[in-house]
>>> print(open('structure.txt').read())   # compact mmCIF, C-alpha atoms and all ligand atoms
# COMPACT_ATOMS: atom_id res chain seq x y z
CA MET A 1 -47.07 -68.19 73.27
CA ASN A 2 -44.27 -65.92 74.52
CA THR A 3 -42.19 -63.77 72.21
CA GLU A 4 -39.26 -66.09 72.33
CA ALA A 5 -41.36 -69.09 71.29
CA LEU A 6 -42.97 -67.00 68.55
CA GLU A 7 -39.57 -65.97 67.22
CA ILE A 8 -38.44 -69.59 67.11
CA GLU A 9 -41.67 -70.53 65.32
CA ILE A 10 -41.17 -67.79 62.73
CA LYS A 11 -37.56 -68.84 62.24
CA THR A 12 -38.47 -72.47 61.56
CA LEU A 13 -41.23 -71.39 59.21
CA LYS A 14 -38.76 -69.23 57.30
CA GLU A 15 -36.32 -72.12 57.11
CA LYS A 16 -39.03 -74.44 55.87
CA ASN A 17 -39.96 -71.88 53.27
CA LYS A 18 -36.38 -71.62 52.09
CA LEU A 19 -36.14 -75.38 51.82
CA LEU A 20 -39.32 -75.51 49.76
CA GLU A 21 -38.04 -72.79 47.44
CA GLU A 22 -34.79 -74.68 46.95
CA LEU A 23 -36.67 -77.87 46.20
CA LEU A 24 -38.87 -76.05 43.69
CA ALA A 25 -35.85 -74.54 41.94
CA LYS A 26 -34.23 -77.97 41.68
CA GLU A 27 -37.42 -79.49 40.29
CA GLN A 28 -37.68 -76.73 37.67
CA GLU A 29 -34.08 -77.29 36.66
CA ARG A 30 -34.70 -81.01 36.32
CA SER A 31 -37.76 -80.45 34.15
CA LEU A 32 -35.79 -78.09 31.89
CA GLU A 33 -33.11 -80.75 31.57
CA LYS A 34 -35.75 -83.27 30.59
CA ASP A 35 -37.12 -80.97 27.86
CA HIS A 36 -33.62 -80.47 26.58
CA LEU A 37 -33.05 -84.22 26.52
CA ILE A 38 -36.24 -84.90 24.56
CA ASN A 39 -35.30 -82.15 22.16
CA GLN A 40 -31.85 -83.59 21.62
CA LYS A 41 -33.15 -87.12 21.25
CA SER A 42 -35.63 -86.09 18.59
CA ARG A 43 -32.94 -84.17 16.75
CA SER A 44 -30.56 -87.11 16.70
CA ALA A 45 -33.47 -89.33 15.69
CA SER A 46 -34.08 -87.15 12.66
CA MET A 47 -30.36 -87.14 11.79
CA GLY A 48 -30.45 -90.91 12.07
CA GLU A 49 -33.45 -90.98 9.79
CA MET A 50 -31.65 -88.83 7.22
CA ILE A 51 -28.61 -91.09 7.20
CA GLU A 52 -30.92 -94.06 6.96
CA ASN A 53 -32.60 -92.40 3.95
CA ILE A 54 -29.29 -91.78 2.21
CA ALA A 55 -28.11 -95.31 2.93
CA HIS A 56 -31.43 -96.58 1.63
CA GLN A 57 -31.19 -94.55 -1.56
CA TRP A 58 -27.64 -95.55 -2.22
CA ARG A 59 -28.08 -99.27 -1.73
CA GLN A 60 -29.66 -99.87 -5.15
CA PRO A 61 -27.25 -97.65 -7.14
CA LEU A 62 -24.31 -99.32 -5.39
CA ASN A 63 -25.70 -102.68 -6.45
CA ILE A 64 -25.97 -101.47 -10.03
CA LEU A 65 -22.38 -100.17 -9.96
CA ALA A 66 -21.19 -103.51 -8.62
CA LEU A 67 -22.98 -105.28 -11.49
CA VAL A 68 -21.50 -102.91 -14.08
CA ILE A 69 -17.98 -103.53 -12.81
CA GLN A 70 -18.62 -107.28 -12.68
CA ASP A 71 -19.93 -107.23 -16.24
CA ILE A 72 -16.83 -105.40 -17.50
CA TYR A 73 -14.55 -107.76 -15.60
CA ILE A 74 -16.22 -110.95 -16.82
CA SER A 75 -16.48 -109.75 -20.43
CA GLY A 76 -12.80 -108.82 -20.24
CA GLN A 77 -11.91 -112.28 -18.99
CA LEU A 78 -14.02 -113.93 -21.70
CA GLY A 79 -12.63 -111.65 -24.38
CA THR A 80 -16.10 -110.31 -25.28
CA LEU A 81 -15.57 -106.76 -24.11
CA ASP A 82 -16.19 -104.83 -27.34
CA ALA A 83 -16.70 -101.09 -27.83
CA ASP A 84 -20.50 -101.34 -27.56
CA LYS A 85 -20.40 -103.20 -24.29
CA LEU A 86 -17.90 -100.74 -22.88
CA GLU A 87 -20.00 -97.78 -24.00
CA GLU A 88 -23.17 -99.30 -22.53
CA ASN A 89 -21.58 -99.93 -19.16
CA TYR A 90 -19.88 -96.56 -19.14
CA SER A 91 -23.15 -94.67 -19.60
CA LYS A 92 -24.95 -96.88 -17.08
CA ALA A 93 -22.29 -96.16 -14.45
CA ASN A 94 -22.34 -92.47 -15.28
CA ASN A 95 -26.12 -92.22 -14.80
CA VAL A 96 -25.92 -93.99 -11.50
CA LEU A 97 -23.13 -91.73 -10.27
CA GLN A 98 -25.06 -88.63 -11.28
CA TYR A 99 -28.06 -89.87 -9.37
CA MET A 100 -25.95 -90.55 -6.28
CA SER A 101 -24.41 -87.13 -6.36
CA GLN A 102 -27.85 -85.51 -6.82
CA THR A 103 -29.08 -87.37 -3.73
CA ILE A 104 -26.27 -85.89 -1.64
CA ASP A 105 -27.09 -82.37 -2.87
CA ASP A 106 -30.77 -82.81 -2.02
CA PHE A 107 -30.00 -83.98 1.47
CA ARG A 108 -27.44 -81.26 2.03
CA ASN A 109 -30.02 -78.61 1.11
CA PHE A 110 -32.50 -80.28 3.34
CA LEU A 111 -30.16 -80.29 6.33
CA LYS A 112 -29.24 -76.61 6.04
CA GLU A 113 -30.38 -74.98 9.23
CA SER A 114 -33.24 -72.64 8.73
CA ASP A 115 -35.05 -71.59 11.86
CA GLY A 116 -36.91 -68.78 10.20
CA ILE A 117 -40.59 -68.54 9.53
CA GLU A 118 -41.24 -67.81 5.88
CA VAL A 119 -43.98 -68.04 3.29
CA PHE A 120 -43.22 -70.89 0.92
CA ALA A 121 -44.91 -72.54 -2.04
CA LEU A 122 -46.33 -76.00 -1.45
CA HIS A 123 -45.24 -76.77 -4.99
CA ASP A 124 -41.65 -76.37 -3.82
CA ILE A 125 -42.15 -78.88 -1.04
CA PHE A 126 -43.50 -81.49 -3.45
CA GLN A 127 -40.57 -80.92 -5.76
CA SER A 128 -38.21 -81.78 -2.90
CA VAL A 129 -40.35 -84.80 -2.05
CA GLU A 130 -39.93 -85.87 -5.65
CA HIS A 131 -36.13 -85.66 -5.42
CA ILE A 132 -35.70 -87.15 -1.98
CA MET A 133 -38.36 -89.81 -1.73
CA VAL A 134 -39.54 -90.84 -5.18
CA PRO A 135 -36.42 -92.87 -6.10
CA SER A 136 -36.76 -95.09 -3.04
CA LEU A 137 -40.51 -95.48 -3.67
CA LYS A 138 -39.79 -96.47 -7.26
CA ILE A 139 -37.24 -99.05 -6.22
CA ASN A 140 -39.92 -100.54 -3.98
CA ASN A 141 -42.56 -100.43 -6.73
CA ILE A 142 -44.77 -97.96 -4.90
CA SER A 143 -46.60 -95.34 -6.92
CA ILE A 144 -47.06 -91.83 -5.63
CA THR A 145 -49.43 -89.15 -6.89
CA LEU A 146 -48.46 -85.58 -6.13
CA PRO A 147 -51.01 -82.77 -6.53
CA GLN A 148 -50.81 -79.73 -8.79
CA VAL A 149 -50.47 -76.82 -6.39
CA GLU A 150 -49.01 -73.91 -8.32
CA GLU A 151 -50.78 -71.25 -6.30
CA VAL A 152 -50.82 -72.64 -2.78
CA HIS A 153 -48.65 -70.96 -0.13
CA ILE A 154 -48.03 -71.75 3.52
CA GLU A 155 -46.42 -69.83 6.36
CA GLY A 156 -43.96 -71.65 8.62
CA ASN A 157 -40.55 -73.24 8.62
CA ARG A 158 -40.07 -74.81 5.20
CA ASN A 159 -37.58 -77.49 6.20
CA GLU A 160 -39.57 -78.62 9.19
CA PHE A 161 -42.68 -78.82 7.05
CA LEU A 162 -40.85 -80.92 4.47
CA GLN A 163 -39.61 -83.17 7.23
CA VAL A 164 -43.19 -83.82 8.37
CA ILE A 165 -44.30 -84.78 4.85
CA LEU A 166 -41.26 -87.06 4.47
CA ASN A 167 -41.94 -88.73 7.83
CA ILE A 168 -45.51 -89.53 6.81
CA ILE A 169 -44.52 -90.82 3.36
CA LYS A 170 -41.74 -92.93 4.90
CA ASN A 171 -44.26 -94.46 7.33
CA ALA A 172 -46.63 -95.22 4.44
CA GLN A 173 -43.79 -96.88 2.56
CA ASP A 174 -42.86 -98.93 5.64
CA ALA A 175 -46.49 -100.02 6.12
CA ILE A 176 -46.86 -101.01 2.44
CA LEU A 177 -43.68 -103.09 2.54
CA LEU A 178 -44.46 -104.59 5.94
CA ASN A 179 -47.94 -105.68 4.88
CA LYS A 180 -46.61 -106.90 1.53
CA ILE A 181 -49.14 -104.84 -0.46
CA LYS A 182 -48.73 -105.78 -4.14
CA LYS A 183 -49.66 -102.46 -5.74
CA GLY A 184 -48.51 -99.96 -3.13
CA GLU A 185 -50.02 -96.53 -3.63
CA ILE A 186 -49.59 -93.19 -1.92
CA VAL A 187 -51.87 -90.36 -2.95
CA ILE A 188 -51.34 -86.80 -1.79
CA GLY A 189 -54.20 -84.35 -2.19
CA VAL A 190 -54.63 -80.69 -1.36
CA THR A 191 -57.84 -78.75 -0.82
CA GLN A 192 -57.96 -75.06 -0.16
CA SER A 193 -60.82 -73.00 1.19
CA ASP A 194 -60.84 -69.32 2.21
CA SER A 195 -59.55 -70.00 5.68
CA LYS A 196 -57.59 -73.22 5.51
CA ILE A 197 -55.49 -75.62 3.48
CA VAL A 198 -55.78 -79.37 4.04
CA ILE A 199 -53.07 -81.71 2.79
CA SER A 200 -54.00 -85.39 2.91
CA ILE A 201 -51.55 -88.24 2.53
CA GLU A 202 -53.33 -91.54 1.92
CA ASP A 203 -51.93 -95.01 1.50
CA ASN A 204 -53.37 -98.43 0.78
CA ALA A 205 -51.46 -100.41 3.42
CA GLY A 206 -54.52 -101.46 5.43
CA GLY A 207 -54.64 -98.65 7.98
CA ILE A 208 -53.76 -98.40 11.64
CA PRO A 209 -55.35 -100.98 13.98
CA GLN A 210 -58.09 -99.36 16.07
CA GLU A 211 -56.49 -100.47 19.34
CA TYR A 212 -53.54 -98.14 18.92
CA ILE A 213 -54.70 -95.46 16.51
CA ASP A 214 -54.84 -93.03 19.49
CA LYS A 215 -51.25 -93.75 20.42
CA VAL A 216 -49.35 -93.21 17.17
CA PHE A 217 -48.51 -89.58 18.02
CA ASP A 218 -47.12 -90.48 21.46
CA PRO A 219 -43.34 -90.19 21.89
CA TYR A 220 -41.56 -93.53 21.49
CA PHE A 221 -44.69 -95.37 20.36
CA THR A 222 -43.62 -97.77 17.64
CA THR A 223 -44.68 -101.17 16.36
CA LYS A 224 -41.44 -101.57 14.43
CA HIS A 225 -38.33 -103.46 15.40
CA LYS A 226 -35.88 -101.26 17.26
CA SER A 227 -33.47 -101.19 14.35
CA GLN A 228 -36.28 -99.86 12.17
CA GLY A 229 -38.17 -97.33 14.25
CA THR A 230 -37.77 -95.15 17.30
CA GLY A 231 -41.39 -94.02 17.50
CA ILE A 232 -40.48 -90.40 17.39
CA GLY A 233 -41.40 -89.53 13.78
CA LEU A 234 -45.08 -88.78 14.27
CA TYR A 235 -44.58 -87.25 17.72
CA MET A 236 -42.12 -84.77 16.26
CA SER A 237 -44.32 -84.14 13.24
CA LYS A 238 -47.28 -83.27 15.43
CA GLN A 239 -45.15 -80.88 17.50
CA ILE A 240 -43.86 -79.16 14.38
CA ILE A 241 -47.32 -78.64 12.87
CA GLU A 242 -49.30 -77.82 16.00
CA LYS A 243 -46.90 -75.26 17.44
CA ASN A 244 -48.31 -72.99 14.72
CA LYS A 245 -51.61 -71.28 15.34
CA ASP A 246 -54.76 -73.01 14.04
CA SER A 247 -52.80 -75.95 12.67
CA LYS A 248 -53.46 -79.66 13.15
CA LEU A 249 -52.06 -83.06 12.26
CA TYR A 250 -54.35 -86.07 12.65
CA VAL A 251 -55.03 -89.48 11.17
CA THR A 252 -58.09 -91.49 10.19
CA ASN A 253 -58.48 -94.85 8.51
CA THR A 254 -60.04 -95.16 5.07
CA LYS A 255 -61.32 -98.34 3.45
CA GLU A 256 -57.85 -99.05 2.10
CA GLY A 257 -55.38 -97.58 4.51
CA ALA A 258 -54.32 -94.63 6.63
CA ASN A 259 -55.05 -91.01 5.81
CA PHE A 260 -52.84 -88.41 7.49
CA CYS A 261 -54.16 -84.85 7.29
CA ILE A 262 -52.30 -81.62 7.87
CA GLU A 263 -54.48 -78.56 8.34
CA VAL A 264 -52.95 -75.10 8.21
CA PRO A 265 -54.39 -71.60 7.81
CA ALA A 266 -54.57 -70.34 4.21
CA LYS A 267 -52.06 -67.62 3.32
N1 LIG A 301 -49.29 -95.19 7.22
C1 LIG A 301 -49.31 -96.01 8.28
N2 LIG A 301 -49.96 -97.20 8.24
C2 LIG A 301 -49.98 -98.02 9.31
N3 LIG A 301 -49.40 -97.75 10.48
C3 LIG A 301 -48.73 -96.58 10.61
C4 LIG A 301 -48.66 -95.64 9.52
N4 LIG A 301 -47.95 -94.57 9.95
C5 LIG A 301 -47.60 -94.82 11.24
N5 LIG A 301 -48.05 -96.03 11.63
C6 LIG A 301 -47.88 -96.62 12.98
O1 LIG A 301 -47.53 -95.61 13.89
C7 LIG A 301 -46.32 -95.94 14.59
C8 LIG A 301 -45.59 -94.68 14.99
O2 LIG A 301 -45.06 -94.01 13.85
P1 LIG A 301 -43.78 -93.08 14.01
O3 LIG A 301 -43.45 -92.50 12.70
O4 LIG A 301 -44.02 -92.13 15.13
O5 LIG A 301 -42.66 -94.07 14.51
P2 LIG A 301 -41.90 -95.21 13.67
O6 LIG A 301 -42.14 -95.04 12.21
O7 LIG A 301 -42.28 -96.51 14.28
O8 LIG A 301 -40.39 -94.89 14.02
P3 LIG A 301 -39.55 -93.60 13.53
O9 LIG A 301 -39.20 -92.87 14.78
O10 LIG A 301 -38.37 -94.18 12.85
O11 LIG A 301 -40.40 -92.78 12.64
C9 LIG A 301 -45.59 -96.87 13.65
O12 LIG A 301 -44.70 -97.73 14.34
C10 LIG A 301 -46.75 -97.64 13.01
O13 LIG A 301 -47.18 -98.70 13.84
MG MG A 302 -41.90 -93.12 11.27
>>> encode(input="structure.txt", output="structure tokens")
Amino acid sequence: MNTEALEIEIKTLKEKNKLLEELLAKEQERSLEKDHLINQKSRSASMGEMIENIAHQWRQPLNILALVIQDIYISGQLGTLDADKLEENYSKANNVLQYMSQTIDDFRNFLKESDGIEVFALHDIFQSVEHIMVPSLKINNISITLPQVEEVHIEGNRNEFLQVILNIIKNAQDAILLNKIKKGEIVIGVTQSDSKIVISIEDNAGGIPQEYIDKVFDPYFTTKHKSQGTGIGLYMSKQIIEKNKDSKLYVTNTKEGANFCIEVPAK
């Protein structure tokens, strides 16, 4: 090969190299965009879930308010609206309104951005669960047992952790209602050893069919109608838990239902 031919060869190689580098850069950009998209989708999914939760928790109180107003109106028309009846309806309406306003406060606290890692008491998390989730469980006749965990502490992002617990409880509630379980039960237990804390959330809704138990943590895997599920709840939950060192989220079936376990290092 003469020098001229060699120079041309080197030039084309350099050009090819440049082209490859450009392609690589474009590919990287595209993959970043994809990550961003997934991130945004999961965030709007959780906002959607929140609004769904509020709507869900307000439906029953709104019904009660409608009944109270109807009762006052009809009694007024019939001329049977005495002081007792008025008092009774007044206090009923007042209770309902207080409950509705408490719900908004709970959700507002929950939505406050907190990116920080902190050490928080598990007890605190269950108290929030009590405020946010227990009313809707009660309305659906589902009992929930929360553990006594005065001394248990966890390191991580408190709000994200709460969101995981709420996702799992919401799924259990959905499964109980879907399978028309008469005495729906959710039992949360906590065990602590020297090195780790295990939180288990068990239900009695029949469990997850073996054919897709390996898929429930995949993004967009859902067996629910599209108006009821996006399939992102458990995917997000697993990401939140497992981005922390030595932490795991997994599920097994028991005789009666599903058992979701969160394992985190003891603090
Ligand atoms: N406790 C449970 N019992 C039975 N099946 C469950 C339970 N929890 C989850 N699943 C199954 O796992 C699937 C995925 O759950 P995931 O929370 O990720 O999505 P989803 O609840 O369908 O939708 P969303 O994005 O609104 O949470 C559910 O559709 C359901 O089939
Ligand atoms: Mg879900």
>>> atom_distance(input="structure.txt", atom1="atom CA of Ile104 of chain A", atom2="atom CA of Ile132 of chain A")
9.5 Å
>>> residues_near_point(input="structure.txt", point="(-55.2, -95.3, 7.2)", cutoff="10 Å", atoms="all atoms listed in the file", output="PyMOL selection string")
chain A and resi 172+175+201-209+213+251-260
>>> residues_near_ligand(input="structure.txt", ligand="ligand MG 302 (chain A)", cutoff="9 Å", atoms="all atoms listed in the file", output="PyMOL selection string")
chain A and resi 49+167-172+174+222+228-234
>>> closest_residue(input="structure.txt", among="A:Asp71, A:Asp218, A:Glu88, A:Glu263", to="ligand LIG 301 (chain A)", atoms="only C-alpha atoms and all ligand atoms")
A:Asp218
>>> closest_residue(input="structure.txt", among="A:Lys26, A:Lys215, A:Lys183, A:His153", to="ligand LIG 301 (chain A)", atoms="all atoms listed in the file")
A:Lys215
>>> closest_residue(input="structure.txt", among="A:Asn53, A:Thr191, A:Gln148, A:Thr12", to="ligand LIG 301 (chain A)", atoms="only C-alpha atoms and all ligand atoms")
A:Asn53
